[in-house]
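Report on one structure; see the data block that follows.
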Amino acid sequence: MRSPDPGRLEALRAAAPEVERQLPQLLREVESSWHSADFLPDFQGEAGMEQLRRLREEAAALDEDTLTVLIGDMITEEALPTYAGWLHRMGGAGDELDSESPWRKWIRGWCAEENRHGEVLNRYLYLCGRVNMKEVEISIQHLIRDGGDTETGTDPFRGFIYTSFQEMATRVSHLNVARRARERSAELLYTVCSRVAGDEHRHARAYTRFISLFLELDPNGVLVAFEDMMRRRIVMPARFLRERGGAQGDAFRKFETVATRAGVYTPWDYVRILESLLEAWRVPGLSGLNEAGRWAQDYLCGLPERLRRVIPRLPAPPADPVPFRWFLPPGAEPAAEVAAG
């Protein structure tokens, strides 16, 4: 592993006492927090089968686009081992520091809370009876095996900027799935997705606080990292998503089409998240910067308006049905693949 940049390592060490102080607010107590079993049928009791019947009844009313996005969100959450490994490799925040450092405590606590997201959504989909779970599990296995590239390396500044952005993005996606569920009277799914979104909101606040601490220590370094990431664009954690026999990323492109046309996550959300981060980190008002910092500040502050001019010119996602193996009966082949064969 490449040694962390000395400046970054110093920033992490300097911020550690404040992170330690804030941990009780950033993470929830395990035994008093929510768990998957709180929302799913309890088959130990006599009411379990009736709870399952109601779950399947509400899931039957969901349209396929909503289910598609729910599956994609669940698979993204289930790839947690990849994200955990990436955080532990981050220079100065993971393996370089002792096991009881606040950074290591945060990473473990974050992983524990994130673990239940994929778990509860996976169980809901398994029980709903509308999904070919073997094909979904194949996609999960592929995504974990293929790994991911956040394009942040081991830099904690870039890493925590990325997680700040992505936690906000996943919150938006889960909240919009919850909204679509409620429109179809799927109240259990609404509750589950809302609770997951609540975790994502709290985690986003934590990561943005970390960057705020770094800005006090090295504002130029943070702004230059932020500028570089936005020039490259923030990549999605599930961008390698694929199905059985598919190429890396093929399923993600289909999933992205469905999520955009369903209004679950769109380019407009991307801009709004950027604006939220600029405001949270008070980027427009930062002063005392060096030349590189001022250059990055100017670029970042002007970026939302540039994106708002570009987005209306993007092509609208097609309205045609988007086939996924996730909905096929076991052993069936998509129509296009049968014809090609």
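The way I read the labels, and the way they are meant: chains A, B, ... in the order of the structure tokens, residue 1 as the first residue of every chain, and ligand 1 as the first ligand shown, with later ones counted on from there.
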Which residues of stretch 172-290 of chain A sit at most 7 Å from stretch 5-18 of chain A, using only C-alpha atoms? Give each one's shortest atom pair and distance in Å (one decimal place), in chain and ascending residue order, as a tab-separated table.
```
residue	atom	partner	partner_atom	distance
A:Leu213	CA	A:Ala15	CA	6.3
A:Phe214	CA	A:Ala11	CA	6.3
A:Leu217	CA	A:Ala11	CA	6.3
```
Per residue of stretch 87-130 of chain A within 10 Å of stretch 191-208 of chain A, which atom pair is closest and at what distance in Å (one decimal), using only C-alpha atoms, listed by chain and increasing number, as CSV?
```
residue,atom,partner,partner_atom,distance
A:Trp106,CA,A:Ala206,CA,9.5
A:Trp110,CA,A:His203,CA,7.6
A:Glu113,CA,A:Asp199,CA,7.7
A:Glu114,CA,A:Asp199,CA,7.9
A:Arg116,CA,A:Val196,CA,8.6
A:His117,CA,A:Val196,CA,6.1
A:Gly118,CA,A:Val196,CA,9.4
A:Val120,CA,A:Val192,CA,7.7
A:Leu121,CA,A:Val192,CA,7.8
A:Tyr124,CA,A:Val192,CA,9.1
```
What lies within 10 Å of A:Leu55 using only C-alpha atoms, ignoring chain neighbours under 2 positions off, as a PyMOL selection string? chain A and resi 40-41+49-53+57-60+124-125+127-129+186-189
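Between A:Val271 and the residues A:Arg294, A:Arg308, A:Arg244, A:Arg145, the shortest atom-to-atom distance, using only C-alpha atoms, involves A:Arg308.
All residues of protein, DNA or RNA that reach within 8 Å of A:Met236, judged by only C-alpha atoms and not counting those fewer than 3 positions away in the chain, are Thr150, Gln166 and Arg239 of chain A.
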Can you tell me, as a ChimeraX atom specification, what residues are no more than 12 Å from A:Thr68 when counting only C-alpha atoms, ignoring any on the same chain fewer than 4 positions away? /A:62-64,72-75,125,130-132,136,177,251-252,254-262,264,321-327
Since we have the selection now, will you write its residues out, keeping N, CA and C atoms, as an mmCIF file, in the first residue's frame?
```cif
data_model
loop_
_atom_site.group_PDB
_atom_site.id
_atom_site.type_symbol
_atom_site.label_atom_id
_atom_site.label_comp_id
_atom_site.auth_asym_id
_atom_site.auth_seq_id
_atom_site.Cartn_x
_atom_site.Cartn_y
_atom_site.Cartn_z
ATOM 1 N N LEU A 62 -46.896 -2.526 -7.261
ATOM 2 C CA LEU A 62 -45.755 -1.719 -7.691
ATOM 3 C C LEU A 62 -45.523 -1.881 -9.191
ATOM 4 N N ASP A 63 -45.221 -0.781 -9.866
ATOM 5 C CA ASP A 63 -44.885 -0.862 -11.291
ATOM 6 C C ASP A 63 -43.461 -1.382 -11.444
ATOM 7 N N GLU A 64 -43.133 -1.864 -12.638
ATOM 8 C CA GLU A 64 -41.842 -2.514 -12.847
ATOM 9 C C GLU A 64 -40.677 -1.538 -12.738
ATOM 10 N N GLY A 72 -31.905 -2.377 -8.104
ATOM 11 C CA GLY A 72 -30.597 -1.769 -8.319
ATOM 12 C C GLY A 72 -30.048 -1.125 -7.060
ATOM 13 N N ASP A 73 -30.916 -0.448 -6.312
ATOM 14 C CA ASP A 73 -30.485 0.149 -5.044
ATOM 15 C C ASP A 73 -30.047 -0.929 -4.054
ATOM 16 N N MET A 74 -30.813 -2.032 -4.010
ATOM 17 C CA MET A 74 -30.467 -3.109 -3.083
ATOM 18 C C MET A 74 -29.115 -3.730 -3.448
ATOM 19 N N ILE A 75 -28.888 -3.987 -4.736
ATOM 20 C CA ILE A 75 -27.621 -4.585 -5.162
ATOM 21 C C ILE A 75 -26.461 -3.652 -4.816
ATOM 22 N N LEU A 125 -37.567 -8.022 -1.162
ATOM 23 C CA LEU A 125 -37.679 -8.489 -2.543
ATOM 24 C C LEU A 125 -37.830 -10.006 -2.606
ATOM 25 N N ARG A 130 -42.094 -11.348 -6.747
ATOM 26 C CA ARG A 130 -42.119 -10.804 -8.105
ATOM 27 C C ARG A 130 -40.746 -10.787 -8.770
ATOM 28 N N VAL A 131 -39.728 -11.312 -8.089
ATOM 29 C CA VAL A 131 -38.349 -11.150 -8.548
ATOM 30 C C VAL A 131 -37.675 -12.513 -8.661
ATOM 31 N N ASN A 132 -36.883 -12.687 -9.722
ATOM 32 C CA ASN A 132 -36.058 -13.880 -9.878
ATOM 33 C C ASN A 132 -34.801 -13.677 -9.032
ATOM 34 N N VAL A 136 -30.838 -11.984 -9.461
ATOM 35 C CA VAL A 136 -30.413 -10.835 -8.654
ATOM 36 C C VAL A 136 -29.139 -11.177 -7.888
ATOM 37 N N VAL A 177 -37.913 6.307 -4.170
ATOM 38 C CA VAL A 177 -38.561 4.995 -4.217
ATOM 39 C C VAL A 177 -39.665 4.943 -3.161
ATOM 40 N N ALA A 251 -25.697 -3.585 -17.272
ATOM 41 C CA ALA A 251 -26.926 -3.479 -16.479
ATOM 42 C C ALA A 251 -27.025 -2.113 -15.812
ATOM 43 N N PHE A 252 -25.884 -1.525 -15.466
ATOM 44 C CA PHE A 252 -25.944 -0.204 -14.840
ATOM 45 C C PHE A 252 -26.495 0.836 -15.809
ATOM 46 N N LYS A 254 -28.619 0.352 -18.191
ATOM 47 C CA LYS A 254 -30.074 0.163 -18.246
ATOM 48 C C LYS A 254 -30.741 0.680 -16.975
ATOM 49 N N PHE A 255 -30.138 0.368 -15.843
ATOM 50 C CA PHE A 255 -30.671 0.828 -14.562
ATOM 51 C C PHE A 255 -30.717 2.353 -14.503
ATOM 52 N N GLU A 256 -29.675 2.995 -15.005
ATOM 53 C CA GLU A 256 -29.609 4.456 -15.003
ATOM 54 C C GLU A 256 -30.734 5.045 -15.845
ATOM 55 N N THR A 257 -31.035 4.412 -16.968
ATOM 56 C CA THR A 257 -32.129 4.862 -17.821
ATOM 57 C C THR A 257 -33.456 4.816 -17.069
ATOM 58 N N VAL A 258 -33.705 3.710 -16.386
ATOM 59 C CA VAL A 258 -34.961 3.551 -15.659
ATOM 60 C C VAL A 258 -35.040 4.541 -14.502
ATOM 61 N N ALA A 259 -33.947 4.706 -13.746
ATOM 62 C CA ALA A 259 -33.947 5.616 -12.604
ATOM 63 C C ALA A 259 -34.195 7.054 -13.043
ATOM 64 N N THR A 260 -33.657 7.430 -14.213
ATOM 65 C CA THR A 260 -33.838 8.799 -14.706
ATOM 66 C C THR A 260 -35.277 9.036 -15.130
ATOM 67 N N ARG A 261 -35.823 8.126 -15.922
ATOM 68 C CA ARG A 261 -37.187 8.358 -16.417
ATOM 69 C C ARG A 261 -38.228 8.227 -15.304
ATOM 70 N N ALA A 262 -37.900 7.473 -14.259
ATOM 71 C CA ALA A 262 -38.813 7.351 -13.122
ATOM 72 C C ALA A 262 -38.694 8.538 -12.171
ATOM 73 N N VAL A 264 -36.305 9.034 -10.095
ATOM 74 C CA VAL A 264 -35.734 8.591 -8.826
ATOM 75 C C VAL A 264 -34.371 9.229 -8.589
ATOM 76 N N PRO A 321 -39.893 -0.361 -22.848
ATOM 77 C CA PRO A 321 -39.572 -1.265 -21.735
ATOM 78 C C PRO A 321 -38.094 -1.638 -21.741
ATOM 79 N N VAL A 322 -37.500 -1.727 -20.560
ATOM 80 C CA VAL A 322 -36.089 -2.098 -20.413
ATOM 81 C C VAL A 322 -36.031 -3.489 -19.788
ATOM 82 N N PRO A 323 -35.625 -4.501 -20.564
ATOM 83 C CA PRO A 323 -35.665 -5.874 -20.033
ATOM 84 C C PRO A 323 -34.514 -6.165 -19.071
ATOM 85 N N PHE A 324 -34.815 -6.841 -17.992
ATOM 86 C CA PHE A 324 -33.820 -7.317 -17.027
ATOM 87 C C PHE A 324 -34.102 -8.788 -16.735
ATOM 88 N N ARG A 325 -33.053 -9.544 -16.560
ATOM 89 C CA ARG A 325 -33.210 -10.937 -16.150
ATOM 90 C C ARG A 325 -33.824 -11.047 -14.756
ATOM 91 N N TRP A 326 -33.745 -9.991 -13.995
ATOM 92 C CA TRP A 326 -34.226 -10.011 -12.612
ATOM 93 C C TRP A 326 -35.709 -10.334 -12.500
ATOM 94 N N PHE A 327 -36.464 -10.193 -13.601
ATOM 95 C CA PHE A 327 -37.907 -10.438 -13.550
ATOM 96 C C PHE A 327 -38.323 -11.698 -14.295
#
```
Between A:Pro24, A:Pro81, A:Gly263, A:Gly293, which is the closest to A:Arg179 once you count only C-alpha atoms?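 Distance minimum relative to A:Arg179 lands on A:Gly263.
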For A:Phe226, please output as number ranges by chain all residues within 12 Å (counting only C-alpha atoms; exclusion window: fewer than 5 positions along the same chain). A: 152, 155-162, 164-165, 211, 215, 219-221, 231-234, 274, 277-278, 281, 283, 292-293, 295-301, 303
Given only C-alpha atoms as the basis, pick out the residue of A:Gln25, A:Ser139, A:Gln248, A:Ser173 nearest to A:Tyr265. A:Ser173
Got a sec: who's within 9 Å of stretch 99-102 of chain A, counting only C-alpha atoms, leaving out chain neighbours fewer than 5 positions off, as a PyMOL selection string? chain A and resi 16-21+23+93-94+107
